[in-house]
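Q: My structure is below; once you've seen it, I'll send some questions.
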Amino acid sequence: MKDQRSRAVKTRVIDLSHRLTPGRQRFGLEVSSRSVQEYLPEYRIPEEEWYIMTEVQACTHVGTHVEAPYHAFEDGARIADLDPRALVGPAAVVDFSDKGADQPITKKEMIERGAHIENGDILLIRTGLSRHYLTAKYRRPYLETEAVDWLIQRGIKALGIDCSGFENRAVDNHEVNHRRLLGDGVLVIEDMNNLDLLKEERVFFFALPLPIEGLDACWIRPIAVEPIDMGRRLAEIFLGTETMWES
């Protein structure tokens, strides 16, 4: 019995988001707490009792977030327009942790390292930079446009990366990679965390943004499930032909 348990496949669930501290983010994030009675005067809260409501003011690009086409296109789909299944499904993990700041990720390299990418995948690019989040060392490599075009042809539905982005800041390219991806309906996830904890090259991915009207982007708390075979059980639940999503 003990040997059977030791040989059993263990399911791992990995949190891929950053914990956010107000006042320390690249963009605005402020949190304030007030007594419930400030919002609902009819409530009579004794002074010695703690009963509060919290107010948040934040940029949609704070921390781990997903970007919708509206981020780059005035007539593009907004966060609330996205199908709830948009960020649910199998994901391919491709390692580029050997790349330094401002170094290119080429089409050739993507083809060689991303042979396991399948049509309909969510692509997770691992740079290992998440450990430098909010420090001066959080300087990223970038994707060459030809690599982005190859990924679009490959049929990915989202591209996530564990750094602040994938544009070439050395040239004035007008966010060309974002425009190519979002223009083709490929969602963008930036500032991911813990991709270095993933042991498999294919995982099951799950994340949901908040359906707030008018947003170009939204905070998410994505998770990865390993191994992918365990994730397929979830796929049968969330993506099965007989599953009905209602909203």
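Within each chain, counting starts at residue 1; across the structure tokens, chains are named A, B, ... in the order shown, with ligands numbered 1 upward in that order.
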From the DSSP assignment of the backbone, select every residue of range 47-102 of chain A that is helix (DSSP H, G or I), and format the answer as a ChimeraX atom specification.

A: /A:69-71,79-81,84-87

Q: Report the closest atom pair, with its distance in Å rounded to one decimal, for each residue of range 93-170 of chain A that has an atom no farther than 10 Å from range 15-28 of chain A; count only C-alpha atoms, sort by chain and then rising residue number, and write it as a tab-separated table.

A:
residue	atom	partner	partner_atom	distance
A:Ser130	CA	A:His18	CA	8.5
A:Tyr133	CA	A:His18	CA	8.6
A:Leu134	CA	A:Gln25	CA	7.0
A:Asp162	CA	A:Leu16	CA	8.8
A:Ser164	CA	A:Arg26	CA	10.0

Q: Write a file of the selected residues as a PDB file, in the first residue's frame, keeping N, CA and C atoms.

A:
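Writing the result to part-v5.pdb gives the following:
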ATOM      1  N   SER A 130      10.195  37.120 -12.493  1.00  0.00           N
ATOM      2  CA  SER A 130       9.208  37.447 -11.461  1.00  0.00           C
ATOM      3  C   SER A 130       9.858  37.615 -10.087  1.00  0.00           C
ATOM      4  N   TYR A 133      10.453  41.266  -9.320  1.00  0.00           N
ATOM      5  CA  TYR A 133       9.286  42.136  -9.425  1.00  0.00           C
ATOM      6  C   TYR A 133       9.439  43.375  -8.537  1.00  0.00           C
ATOM      7  N   LEU A 134       9.180  44.538  -9.124  1.00  0.00           N
ATOM      8  CA  LEU A 134       9.236  45.835  -8.438  1.00  0.00           C
ATOM      9  C   LEU A 134      10.651  46.249  -8.035  1.00  0.00           C
ATOM     10  N   ASP A 162       6.056  36.218 -17.460  1.00  0.00           N
ATOM     11  CA  ASP A 162       6.336  36.562 -16.060  1.00  0.00           C
ATOM     12  C   ASP A 162       7.252  37.773 -15.930  1.00  0.00           C
ATOM     13  N   SER A 164       7.155  42.363 -17.282  1.00  0.00           N
ATOM     14  CA  SER A 164       6.240  43.472 -17.534  1.00  0.00           C
ATOM     15  C   SER A 164       5.759  43.573 -18.971  1.00  0.00           C
TER      16      SER A 164
END

Q: Determine which residues of range 24-129 of chain A receive a DSSP assignment of strand (DSSP E or B), computed from the backbone, and state them as a ChimeraX atom specification.

A: /A:29-35,52-58,65-67,88-95,104-105,122-126

Q: Taking N, CA and C atoms for each residue, export the selection above as an mmCIF file, in the first residue's frame.

A:
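The result, stored in part07.cif:
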data_model
loop_
_atom_site.group_PDB
_atom_site.id
_atom_site.type_symbol
_atom_site.label_atom_id
_atom_site.label_comp_id
_atom_site.auth_asym_id
_atom_site.auth_seq_id
_atom_site.Cartn_x
_atom_site.Cartn_y
_atom_site.Cartn_z
ATOM 1 N N LEU A 29 -2.310 52.046 -6.925
ATOM 2 C CA LEU A 29 -3.110 51.104 -6.144
ATOM 3 C C LEU A 29 -3.210 51.655 -4.727
ATOM 4 N N GLU A 30 -4.402 52.098 -4.360
ATOM 5 C CA GLU A 30 -4.623 52.649 -3.031
ATOM 6 C C GLU A 30 -5.841 51.969 -2.414
ATOM 7 N N VAL A 31 -5.743 51.655 -1.134
ATOM 8 C CA VAL A 31 -6.815 50.982 -0.406
ATOM 9 C C VAL A 31 -7.125 51.776 0.861
ATOM 10 N N SER A 32 -8.402 52.009 1.101
ATOM 11 C CA SER A 32 -8.809 52.690 2.326
ATOM 12 C C SER A 32 -9.995 51.952 2.945
ATOM 13 N N SER A 33 -10.045 51.949 4.256
ATOM 14 C CA SER A 33 -11.112 51.257 4.982
ATOM 15 C C SER A 33 -11.957 52.268 5.743
ATOM 16 N N ARG A 34 -13.258 52.044 5.717
ATOM 17 C CA ARG A 34 -14.185 52.932 6.404
ATOM 18 C C ARG A 34 -15.246 52.105 7.112
ATOM 19 N N SER A 35 -15.822 52.708 8.107
ATOM 20 C CA SER A 35 -16.913 52.041 8.805
ATOM 21 C C SER A 35 -18.082 51.835 7.858
ATOM 22 N N ILE A 52 -16.320 46.974 8.714
ATOM 23 C CA ILE A 52 -15.858 47.945 7.726
ATOM 24 C C ILE A 52 -16.204 47.540 6.302
ATOM 25 N N MET A 53 -16.009 48.484 5.397
ATOM 26 C CA MET A 53 -16.020 48.246 3.956
ATOM 27 C C MET A 53 -14.769 48.910 3.401
ATOM 28 N N THR A 54 -14.172 48.276 2.372
ATOM 29 C CA THR A 54 -12.899 48.759 1.825
ATOM 30 C C THR A 54 -13.114 49.344 0.439
ATOM 31 N N GLU A 55 -12.460 50.460 0.197
ATOM 32 C CA GLU A 55 -12.542 51.131 -1.094
ATOM 33 C C GLU A 55 -11.193 51.036 -1.796
ATOM 34 N N VAL A 56 -11.214 50.698 -3.089
ATOM 35 C CA VAL A 56 -9.985 50.503 -3.850
ATOM 36 C C VAL A 56 -9.951 51.458 -5.034
ATOM 37 N N GLN A 57 -8.828 52.119 -5.230
ATOM 38 C CA GLN A 57 -8.570 52.892 -6.436
ATOM 39 C C GLN A 57 -7.325 52.292 -7.084
ATOM 40 N N ALA A 58 -7.465 51.819 -8.323
ATOM 41 C CA ALA A 58 -6.343 51.100 -8.930
ATOM 42 C C ALA A 58 -6.351 51.209 -10.442
ATOM 43 N N HIS A 65 -2.208 40.761 -14.625
ATOM 44 C CA HIS A 65 -3.430 41.243 -15.274
ATOM 45 C C HIS A 65 -3.531 40.715 -16.698
ATOM 46 N N VAL A 66 -4.768 40.708 -17.200
ATOM 47 C CA VAL A 66 -5.016 40.322 -18.588
ATOM 48 C C VAL A 66 -5.469 41.551 -19.356
ATOM 49 N N GLU A 67 -5.029 41.639 -20.611
ATOM 50 C CA GLU A 67 -5.376 42.765 -21.464
ATOM 51 C C GLU A 67 -6.280 42.298 -22.600
ATOM 52 N N VAL A 88 -9.319 29.714 -19.789
ATOM 53 C CA VAL A 88 -9.454 28.381 -19.211
ATOM 54 C C VAL A 88 -9.030 27.367 -20.265
ATOM 55 N N GLY A 89 -8.111 26.470 -19.901
ATOM 56 C CA GLY A 89 -7.724 25.432 -20.847
ATOM 57 C C GLY A 89 -6.275 25.025 -20.747
ATOM 58 N N PRO A 90 -5.834 24.173 -21.666
ATOM 59 C CA PRO A 90 -4.442 23.718 -21.647
ATOM 60 C C PRO A 90 -3.484 24.861 -21.970
ATOM 61 N N ALA A 91 -2.318 24.796 -21.338
ATOM 62 C CA ALA A 91 -1.305 25.831 -21.552
ATOM 63 C C ALA A 91 0.041 25.177 -21.814
ATOM 64 N N ALA A 92 0.802 25.792 -22.710
ATOM 65 C CA ALA A 92 2.158 25.340 -23.015
ATOM 66 C C ALA A 92 3.152 26.282 -22.337
ATOM 67 N N VAL A 93 4.100 25.716 -21.611
ATOM 68 C CA VAL A 93 5.128 26.499 -20.924
ATOM 69 C C VAL A 93 6.406 26.440 -21.760
ATOM 70 N N VAL A 94 6.912 27.597 -22.140
ATOM 71 C CA VAL A 94 8.135 27.665 -22.949
ATOM 72 C C VAL A 94 9.177 28.470 -22.175
ATOM 73 N N ASP A 95 10.348 27.893 -22.003
ATOM 74 C CA ASP A 95 11.371 28.482 -21.157
ATOM 75 C C ASP A 95 12.330 29.381 -21.930
ATOM 76 N N PRO A 104 16.540 39.640 -27.679
ATOM 77 C CA PRO A 104 15.396 39.191 -28.467
ATOM 78 C C PRO A 104 15.090 37.709 -28.288
ATOM 79 N N ILE A 105 13.828 37.378 -28.345
ATOM 80 C CA ILE A 105 13.361 35.996 -28.499
ATOM 81 C C ILE A 105 12.949 35.865 -29.955
ATOM 82 N N ILE A 122 -3.033 28.271 -24.333
ATOM 83 C CA ILE A 122 -2.575 29.480 -23.668
ATOM 84 C C ILE A 122 -1.055 29.320 -23.537
ATOM 85 N N LEU A 123 -0.303 30.266 -24.039
ATOM 86 C CA LEU A 123 1.154 30.172 -24.007
ATOM 87 C C LEU A 123 1.688 30.914 -22.785
ATOM 88 N N LEU A 124 2.540 30.246 -22.012
ATOM 89 C CA LEU A 124 3.181 30.854 -20.844
ATOM 90 C C LEU A 124 4.684 30.910 -21.095
ATOM 91 N N ILE A 125 5.210 32.117 -21.238
ATOM 92 C CA ILE A 125 6.642 32.309 -21.480
ATOM 93 C C ILE A 125 7.332 32.571 -20.147
ATOM 94 N N ARG A 126 8.264 31.685 -19.802
ATOM 95 C CA ARG A 126 8.987 31.801 -18.533
ATOM 96 C C ARG A 126 10.329 32.498 -18.752
#

Q: What's around Phe205 in chain A at 12 Å? Count only C-alpha atoms, leave out sequence neighbours fewer than 3 positions away in its own chain, and write the answer as a VMD selection string.

A: chain A and resid 12 to 16 85 to 93 121 to 124 158 to 160 195 198 202 208 221 to 228 230 to 232 234 to 235 238 to 239

Q: Residues as selected, C-alpha atoms, written as a short mmCIF file (atom, residue, chain, number, x, y, z; two decimals), in the first residue's frame, can you do that?

A:
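Writing done, so here's out11.cif:
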data_model
loop_
_atom_site.label_atom_id
_atom_site.label_comp_id
_atom_site.auth_asym_id
_atom_site.auth_seq_id
_atom_site.Cartn_x
_atom_site.Cartn_y
_atom_site.Cartn_z
CA ARG A 12 -0.05 20.32 -7.95
CA VAL A 13 -1.91 23.63 -8.04
CA ILE A 14 0.38 26.65 -8.47
CA ASP A 15 -0.68 30.25 -7.88
CA LEU A 16 0.67 32.36 -10.75
CA ARG A 85 -13.70 30.40 -20.93
CA ALA A 86 -11.19 32.72 -22.59
CA LEU A 87 -8.52 31.97 -19.97
CA VAL A 88 -9.45 28.38 -19.21
CA GLY A 89 -7.72 25.43 -20.85
CA PRO A 90 -4.44 23.72 -21.65
CA ALA A 91 -1.30 25.83 -21.55
CA ALA A 92 2.16 25.34 -23.01
CA VAL A 93 5.13 26.50 -20.92
CA ASP A 121 -3.27 26.77 -26.18
CA ILE A 122 -2.58 29.48 -23.67
CA LEU A 123 1.15 30.17 -24.01
CA LEU A 124 3.18 30.85 -20.84
CA ALA A 158 -3.58 33.92 -25.00
CA LEU A 159 0.04 34.80 -24.30
CA GLY A 160 1.28 35.17 -20.73
CA LEU A 195 6.28 30.15 -13.65
CA LEU A 198 6.13 24.69 -12.96
CA ARG A 202 2.07 21.45 -20.46
CA LEU A 208 -11.17 34.73 -14.52
CA ARG A 221 -5.39 35.33 -10.05
CA PRO A 222 -4.38 32.55 -12.45
CA ILE A 223 -3.59 29.02 -11.38
CA ALA A 224 -1.85 26.13 -13.12
CA VAL A 225 -2.63 22.45 -12.51
CA GLU A 226 0.00 19.73 -12.99
CA PRO A 227 0.19 17.22 -14.50
CA ILE A 228 -1.92 18.00 -17.56
CA MET A 230 -5.20 15.88 -13.94
CA GLY A 231 -6.10 19.11 -15.64
CA ARG A 232 -8.02 17.23 -18.30
CA LEU A 234 -11.12 19.98 -15.16
CA ALA A 235 -11.31 20.47 -18.93
CA PHE A 238 -15.29 23.52 -17.76
CA LEU A 239 -14.88 22.95 -21.49
#

Q: Restricting the calculation to only C-alpha atoms: of A:Leu182, A:Thr11, A:Ala147, A:Gly120, which residue gets closest to Lys199 in chain A?

A: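 When distances to Lys199 in chain A are compared using only C-alpha atoms, the smallest one comes from A:Thr11.
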
Q: Considering only C-alpha atoms, can you say which of A:Gly100, A:Gly155, A:Pro211, A:Pro46 comes closest to Lys137 in chain A?

A: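 Of A:Gly100, A:Gly155, A:Pro211, A:Pro46, the one nearest Lys137 in chain A is A:Gly100, counting only C-alpha atoms.
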